[in-house]
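File shown here: structure-v7.pdb, holding PDB, C-alpha atoms.
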```pdb
ATOM      1  CA  MET M1333     103.343 185.861  62.266
ATOM      2  CA  THR M1334     101.325 184.316  65.059
ATOM      3  CA  PRO M1335      97.509 184.413  64.938
ATOM      4  CA  LEU M1336      97.437 186.809  67.892
ATOM      5  CA  ALA M1337      99.913 189.159  66.199
ATOM      6  CA  ALA M1338      97.835 189.083  63.022
ATOM      7  CA  GLU M1339      94.753 189.916  65.098
ATOM      8  CA  TYR M1340      96.562 192.902  66.654
ATOM      9  CA  LYS M1341      97.534 194.171  63.213
ATOM     10  CA  ASP M1342      93.998 193.674  61.846
ATOM     11  CA  PHE M1343      92.487 195.452  64.863
ATOM     12  CA  TYR M1344      94.869 198.362  64.368
ATOM     13  CA  ALA M1345      93.965 198.570  60.667
ATOM     14  CA  ARG M1346      90.210 198.445  61.451
ATOM     15  CA  GLU M1347      90.515 201.338  63.878
ATOM     16  CA  LEU M1348      92.421 203.415  61.315
ATOM     17  CA  GLN M1349      89.676 202.688  58.786
ATOM     18  CA  ARG M1350      87.042 203.622  61.364
ATOM     19  CA  ARG M1351      88.926 206.890  61.929
ATOM     20  CA  GLU M1352      88.566 207.740  58.245
ATOM     21  CA  GLU M1353      84.852 206.870  58.347
ATOM     22  CA  LEU M1354      84.359 209.172  61.348
ATOM     23  CA  ASN M1355      86.208 211.964  59.549
ATOM     24  CA  GLY M1356      83.866 211.550  56.579
ATOM     25  CA  SER M1357      80.729 211.340  58.689
ATOM     26  CA  ILE M1358      81.062 214.959  59.813
ATOM     27  CA  GLU M1359      80.029 216.356  56.441
ATOM     28  CA  ARG M1360      76.406 215.174  56.423
ATOM     29  CA  PRO M1361      75.421 216.597  59.844
ATOM     30  CA  MET M1362      77.104 219.904  58.991
ATOM     31  CA  GLY M1363      75.163 220.075  55.713
ATOM     32  CA  ILE M1364      71.893 219.353  57.513
ATOM     33  CA  ILE M1365      72.674 221.957  60.174
ATOM     34  CA  THR M1366      73.403 224.529  57.481
ATOM     35  CA  ALA M1367      70.082 223.781  55.775
ATOM     36  CA  LEU M1368      68.192 223.977  59.080
ATOM     37  CA  VAL M1369      69.800 227.327  59.895
ATOM     38  CA  GLY M1370      68.544 228.546  56.518
ATOM     39  CA  VAL M1371      65.035 227.307  57.305
ATOM     40  CA  LEU M1372      65.128 229.034  60.716
ATOM     41  CA  TYR M1373      66.247 232.245  59.071
ATOM     42  CA  PHE M1374      63.435 231.967  56.534
ATOM     43  CA  PHE M1375      60.824 231.592  59.265
ATOM     44  CA  LEU M1376      62.207 234.247  61.609
ATOM     45  CA  HIS M1377      63.677 236.980  59.406
ATOM     46  CA  ASP M1378      60.522 239.056  58.865
ATOM     47  CA  LEU M1379      58.457 238.633  61.994
ATOM     48  CA  PRO M1380      55.855 241.353  62.570
ATOM     49  CA  ASN M1381      56.982 244.354  64.591
ATOM     50  CA  GLN M1382      53.905 244.216  66.785
ATOM     51  CA  LEU M1383      54.318 242.100  69.854
ATOM     52  CA  SER M1384      51.761 239.330  70.020
ATOM     53  CA  LEU M1385      51.567 235.927  71.645
ATOM     54  CA  LEU M1386      52.104 234.289  68.248
ATOM     55  CA  THR M1387      55.262 236.326  67.593
ATOM     56  CA  VAL M1388      56.667 235.586  71.044
ATOM     57  CA  LEU M1389      55.943 231.885  70.575
ATOM     58  CA  GLN M1390      57.689 231.906  67.193
ATOM     59  CA  VAL M1391      60.748 233.585  68.690
ATOM     60  CA  LEU M1392      60.870 231.097  71.590
ATOM     61  CA  VAL M1393      60.549 228.059  69.324
ATOM     62  CA  GLY M1394      63.125 229.507  66.915
ATOM     63  CA  ALA M1395      65.543 230.272  69.754
ATOM     64  CA  SER M1396      65.127 226.740  71.124
ATOM     65  CA  ALA M1397      65.818 225.241  67.709
ATOM     66  CA  GLY M1398      68.815 227.546  67.289
ATOM     67  CA  ALA M1399      70.196 226.521  70.682
ATOM     68  CA  LEU M1400      69.873 222.854  69.744
ATOM     69  CA  LEU M1401      71.689 223.498  66.471
ATOM     70  CA  ILE M1402      74.487 225.306  68.298
ATOM     71  CA  ALA M1403      74.747 222.366  70.715
ATOM     72  CA  ALA M1404      74.971 219.999  67.725
ATOM     73  CA  VAL M1405      77.777 222.062  66.193
ATOM     74  CA  ILE M1406      79.636 222.002  69.526
ATOM     75  CA  GLU M1407      79.371 218.195  69.636
ATOM     76  CA  ILE M1408      80.689 217.955  66.076
ATOM     77  CA  VAL M1409      83.624 220.189  66.965
ATOM     78  CA  LYS M1410      84.322 218.057  70.056
ATOM     79  CA  SER M1411      84.311 214.949  67.882
ATOM     80  CA  ASN M1412      87.103 216.360  65.759
ATOM     81  CA  PHE M1413      89.183 218.261  68.308
ATOM     82  CA  ASP M1414      92.319 217.358  70.237
ATOM     83  CA  HIS M1415      92.582 213.619  69.624
ATOM     84  CA  THR M1416      96.006 212.017  69.404
ATOM     85  CA  TYR M1417      95.936 208.692  67.618
ATOM     86  CA  GLY M1418      98.495 205.985  68.242
ATOM     87  CA  PHE M1419     100.586 204.793  65.338
ATOM     88  CA  ALA M1420     102.657 201.705  64.710
ATOM     89  CA  PRO M1421     106.402 202.351  64.590
ATOM     90  CA  THR M1422     107.870 203.418  61.281
ATOM     91  CA  PRO M1423     110.573 201.315  59.584
ATOM     92  CA  LYS M1424     113.175 203.889  60.629
ATOM     93  CA  ALA M1425     112.021 203.715  64.266
ATOM     94  CA  LEU M1426     112.102 199.905  64.116
ATOM     95  CA  GLU M1427     115.600 199.914  62.690
ATOM     96  CA  GLU M1428     116.712 202.286  65.449
ATOM     97  CA  TYR M1429     115.080 200.039  68.063
ATOM     98  CA  ARG M1430     116.765 196.944  66.586
ATOM     99  CA  ARG M1431     120.139 198.700  66.484
ATOM    100  CA  SER M1432     119.901 199.871  70.106
ATOM    101  CA  LEU M1433     118.717 196.428  71.197
ATOM    102  CA  ALA M1434     121.617 194.756  69.376
ATOM    103  CA  GLU M1435     124.125 197.189  70.902
ATOM    104  CA  TYR M1436     122.770 196.614  74.394
ATOM    105  CA  HIS M1437     122.722 192.822  74.129
ATOM    106  CA  SER M1438     126.126 192.588  72.437
ATOM    107  CA  LYS M1439     127.585 194.759  75.200
ATOM    108  CA  TYR M1440     126.028 192.803  78.069
ATOM    109  CA  SER M1441     125.595 189.468  76.184
ATOM    110  CA  GLU M1442     122.225 188.804  77.736
ATOM    111  CA  LEU M1443     120.493 187.730  74.539
ATOM    112  CA  PRO M1444     121.881 185.769  71.618
ATOM    113  CA  PRO M1445     121.886 187.714  68.306
ATOM    114  CA  ASP M1446     119.395 185.330  66.675
ATOM    115  CA  LYS M1447     116.785 186.266  69.302
ATOM    116  CA  ILE M1448     117.011 190.017  68.612
ATOM    117  CA  GLU M1449     114.743 189.798  65.558
ATOM    118  CA  GLN M1450     112.139 188.026  67.713
ATOM    119  CA  LYS M1451     112.343 190.877  70.243
ATOM    120  CA  VAL M1452     111.847 193.434  67.455
ATOM    121  CA  LEU M1453     108.779 191.532  66.244
ATOM    122  CA  GLU M1454     107.407 191.421  69.771
ATOM    123  CA  HIS M1455     107.930 195.180  69.976
ATOM    124  CA  VAL M1456     105.978 195.644  66.726
ATOM    125  CA  TYR M1457     103.102 193.450  67.942
ATOM    126  CA  ALA M1458     102.981 195.316  71.255
ATOM    127  CA  ALA M1459     102.911 198.632  69.368
ATOM    128  CA  TYR M1460     100.017 197.416  67.199
ATOM    129  CA  ALA M1461      98.094 196.263  70.269
ATOM    130  CA  GLU M1462      98.703 199.470  72.226
ATOM    131  CA  ALA M1463      98.004 201.832  69.320
ATOM    132  CA  GLY M1464      94.915 199.851  68.301
ATOM    133  CA  HIS M1465      93.531 200.068  71.834
ATOM    134  CA  GLN M1466      94.249 203.808  72.057
ATOM    135  CA  ASN M1467      92.656 204.416  68.650
ATOM    136  CA  ALA M1468      89.571 202.388  69.600
ATOM    137  CA  GLU M1469      89.031 204.534  72.706
ATOM    138  CA  ILE M1470      89.400 207.755  70.701
ATOM    139  CA  ASN M1471      87.060 206.485  67.985
ATOM    140  CA  ASP M1472      84.465 205.524  70.596
ATOM    141  CA  GLN M1473      84.618 209.052  72.065
ATOM    142  CA  ARG M1474      84.325 210.654  68.628
ATOM    143  CA  SER M1475      81.435 208.381  67.720
ATOM    144  CA  ALA M1476      79.605 209.297  70.941
ATOM    145  CA  HIS M1477      79.976 213.025  70.168
ATOM    146  CA  LEU M1478      78.652 212.548  66.637
ATOM    147  CA  HIS M1479      75.735 210.490  67.954
ATOM    148  CA  ARG M1480      74.789 213.264  70.391
ATOM    149  CA  ALA M1481      75.023 215.825  67.581
ATOM    150  CA  LYS M1482      72.690 213.763  65.392
ATOM    151  CA  LYS M1483      70.194 213.406  68.247
ATOM    152  CA  ARG M1484      70.124 217.179  68.699
ATOM    153  CA  ILE M1485      69.539 217.641  64.981
ATOM    154  CA  ILE M1486      66.612 215.221  65.175
ATOM    155  CA  TYR M1487      65.175 217.177  68.124
ATOM    156  CA  VAL M1488      65.216 220.332  65.989
ATOM    157  CA  LEU M1489      62.950 218.842  63.312
ATOM    158  CA  PRO M1490      59.698 218.901  65.356
ATOM    159  CA  ALA M1491      60.539 222.421  66.534
ATOM    160  CA  ILE M1492      60.879 223.547  62.930
ATOM    161  CA  ALA M1493      57.629 221.807  61.980
ATOM    162  CA  PHE M1494      55.893 223.609  64.863
ATOM    163  CA  LEU M1495      57.503 226.891  63.801
ATOM    164  CA  CYS M1496      56.210 226.293  60.282
ATOM    165  CA  ALA M1497      52.699 225.780  61.647
ATOM    166  CA  LEU M1498      52.969 228.951  63.741
ATOM    167  CA  ARG M1499      54.200 230.878  60.733
ATOM    168  CA  LEU M1500      51.338 229.558  58.633
ATOM    169  CA  VAL M1501      48.780 230.515  61.280
ATOM    170  CA  GLY M1502      50.324 233.980  61.606
ATOM    171  CA  SER M1503      50.410 234.694  57.886
ATOM    172  CA  SER M1504      47.984 237.222  56.439
ATOM    173  CA  GLN M1505      46.779 234.759  53.793
ATOM    174  CA  PHE M1506      45.783 232.269  56.473
ATOM    175  CA  SER M1507      43.995 234.893  58.568
ATOM    176  CA  GLY M1508      42.207 236.167  55.453
ATOM    177  CA  TRP M1509      41.168 232.617  54.598
ATOM    178  CA  VAL M1510      39.866 232.083  58.144
ATOM    179  CA  THR M1511      37.914 235.381  57.988
ATOM    180  CA  ASP M1512      36.335 234.397  54.657
ATOM    181  CA  LEU M1513      35.486 230.924  55.957
ATOM    182  CA  THR M1514      33.928 232.397  59.109
ATOM    183  CA  ALA M1515      31.813 234.811  57.062
ATOM    184  CA  GLN M1516      30.608 231.997  54.801
ATOM    185  CA  LEU M1517      29.761 229.797  57.777
ATOM    186  CA  LYS M1518      27.824 232.624  59.398
ATOM    187  CA  GLY M1519      25.893 233.118  56.146
ATOM    188  CA  ILE M1520      24.994 229.421  55.992
ATOM    189  CA  VAL M1521      23.950 229.231  59.637
ATOM    190  CA  LEU M1522      21.869 232.404  59.619
TER     191      LEU M1522
END
```
As structure tokens, please, write out the structure in this file.
Amino acid sequence: MTPLAAEYKDFYARELQRREELNGSIERPMGIITALVGVLYFFLHDLPNQLSLLTVLQVLVGASAGALLIAAVIEIVKSNFDHTYGFAPTPKALEEYRRSLAEYHSKYSELPPDKIEQKVLEHVYAAYAEAGHQNAEINDQRSAHLHRAKKRIIYVLPAIAFLCALRLVGSSQFSGWVTDLTAQLKGIVL
């Protein structure tokens, strides 16, 4: 095997390994998205019925975070949808190729029989190079989709922190604490 042929085979194998890594890297973002959806539900499920600026702001921030999470899920689905990987020929396909090549060259005597094996090897190396290149392009596309999904998840985190602060400010315990603190400060000042 020539060094270039070995490089083609190694490149093909690396891209197949990268494919498996990309398949496994979907689980973590989906778990984080699920947890963030639970946090959003926790903060938004029992908003007060009265319409106030604080309630409207909570709904807007929650809707923005939800939209970002939906966009992240769409990117994850895109990363795992409708990709056709290239594969090296199977032994049966190689044997069929060698047989048809031998039949053709024995019929037209264009190539001596000892050169047929070299042609089969060249076919294998070309298949490794072509499939490796195709797989690298697909893996790059999938990786870009997953990267965009992770960025959207990161953008949700400040929105959830802000929603948490809004929820804290809107809670009755916080408003009661502020009222008590105000009354104490008025007593000290007066």
- Identify all residues satisfying the PyMOL selection byres ((chain M and resi 1451-1455) around 10) in the given file; provide them as a ChimeraX atom specification. /M:1333,1337,1420-1421,1426-1427,1429-1431,1433,1443,1446-1450,1456-1461
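For the set M:Ala1493, M:Glu1352, M:Arg1484, M:Lys1341, the residue with the smallest atom-to-atom gap to Ala1463 (chain M) is M:Lys1341, counting all atoms listed in the file.
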- Can you tell me how far CA of Leu1376 (chain M) sits from CA of Ile1358 (chain M), in Å to one decimal?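 Straight-line distance from CA of Leu1376 (chain M) to CA of Ile1358 (chain M) works out to 27.0 Å.
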- Task: Write out as a PyMOL selection string the residues lying within 10 Å of Ala1481 (chain M), counting only C-alpha atoms and excluding same-chain residues fewer than 6 positions away.
- Result: chain M and resi 1358+1361-1362+1365+1400-1411+1475+1487
- Message: Using all atoms listed in the file for the distances, tell me which of M:Gln1390, M:Ala1338, M:Gly1398, M:Leu1383 is nearest to Leu1500 (chain M).
- Response: M:Gln1390
- Residues within 6 Å of (96.3, 201.2, 66.5), counting all atoms listed in the file, listed as a PyMOL selection string: chain M and resi 1344+1418-1419+1460+1463-1464+1467
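Across the structure, CA of Arg1360 (chain M) and CA of Ala1395 (chain M) are spaced 22.9 Å apart.
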- Would you work out the distance separating CA of Leu1389 (chain M) from CA of Ile1486 (chain M), expressed in Å to one decimal?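 According to the coordinates, CA of Leu1389 (chain M) and CA of Ile1486 (chain M) are separated by 20.5 Å.
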- Could you check which of M:Leu1489, M:Val1393, M:Ala1476, M:Leu1336 is closest to Ala1367 (chain M), using all atoms listed in the file? M:Leu1489
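The smallest atom-to-atom distance between Arg1346 (chain M) and any of M:Cys1496, M:Leu1386, M:Asn1471, M:Phe1375, using all atoms listed in the file, is found for M:Asn1471.
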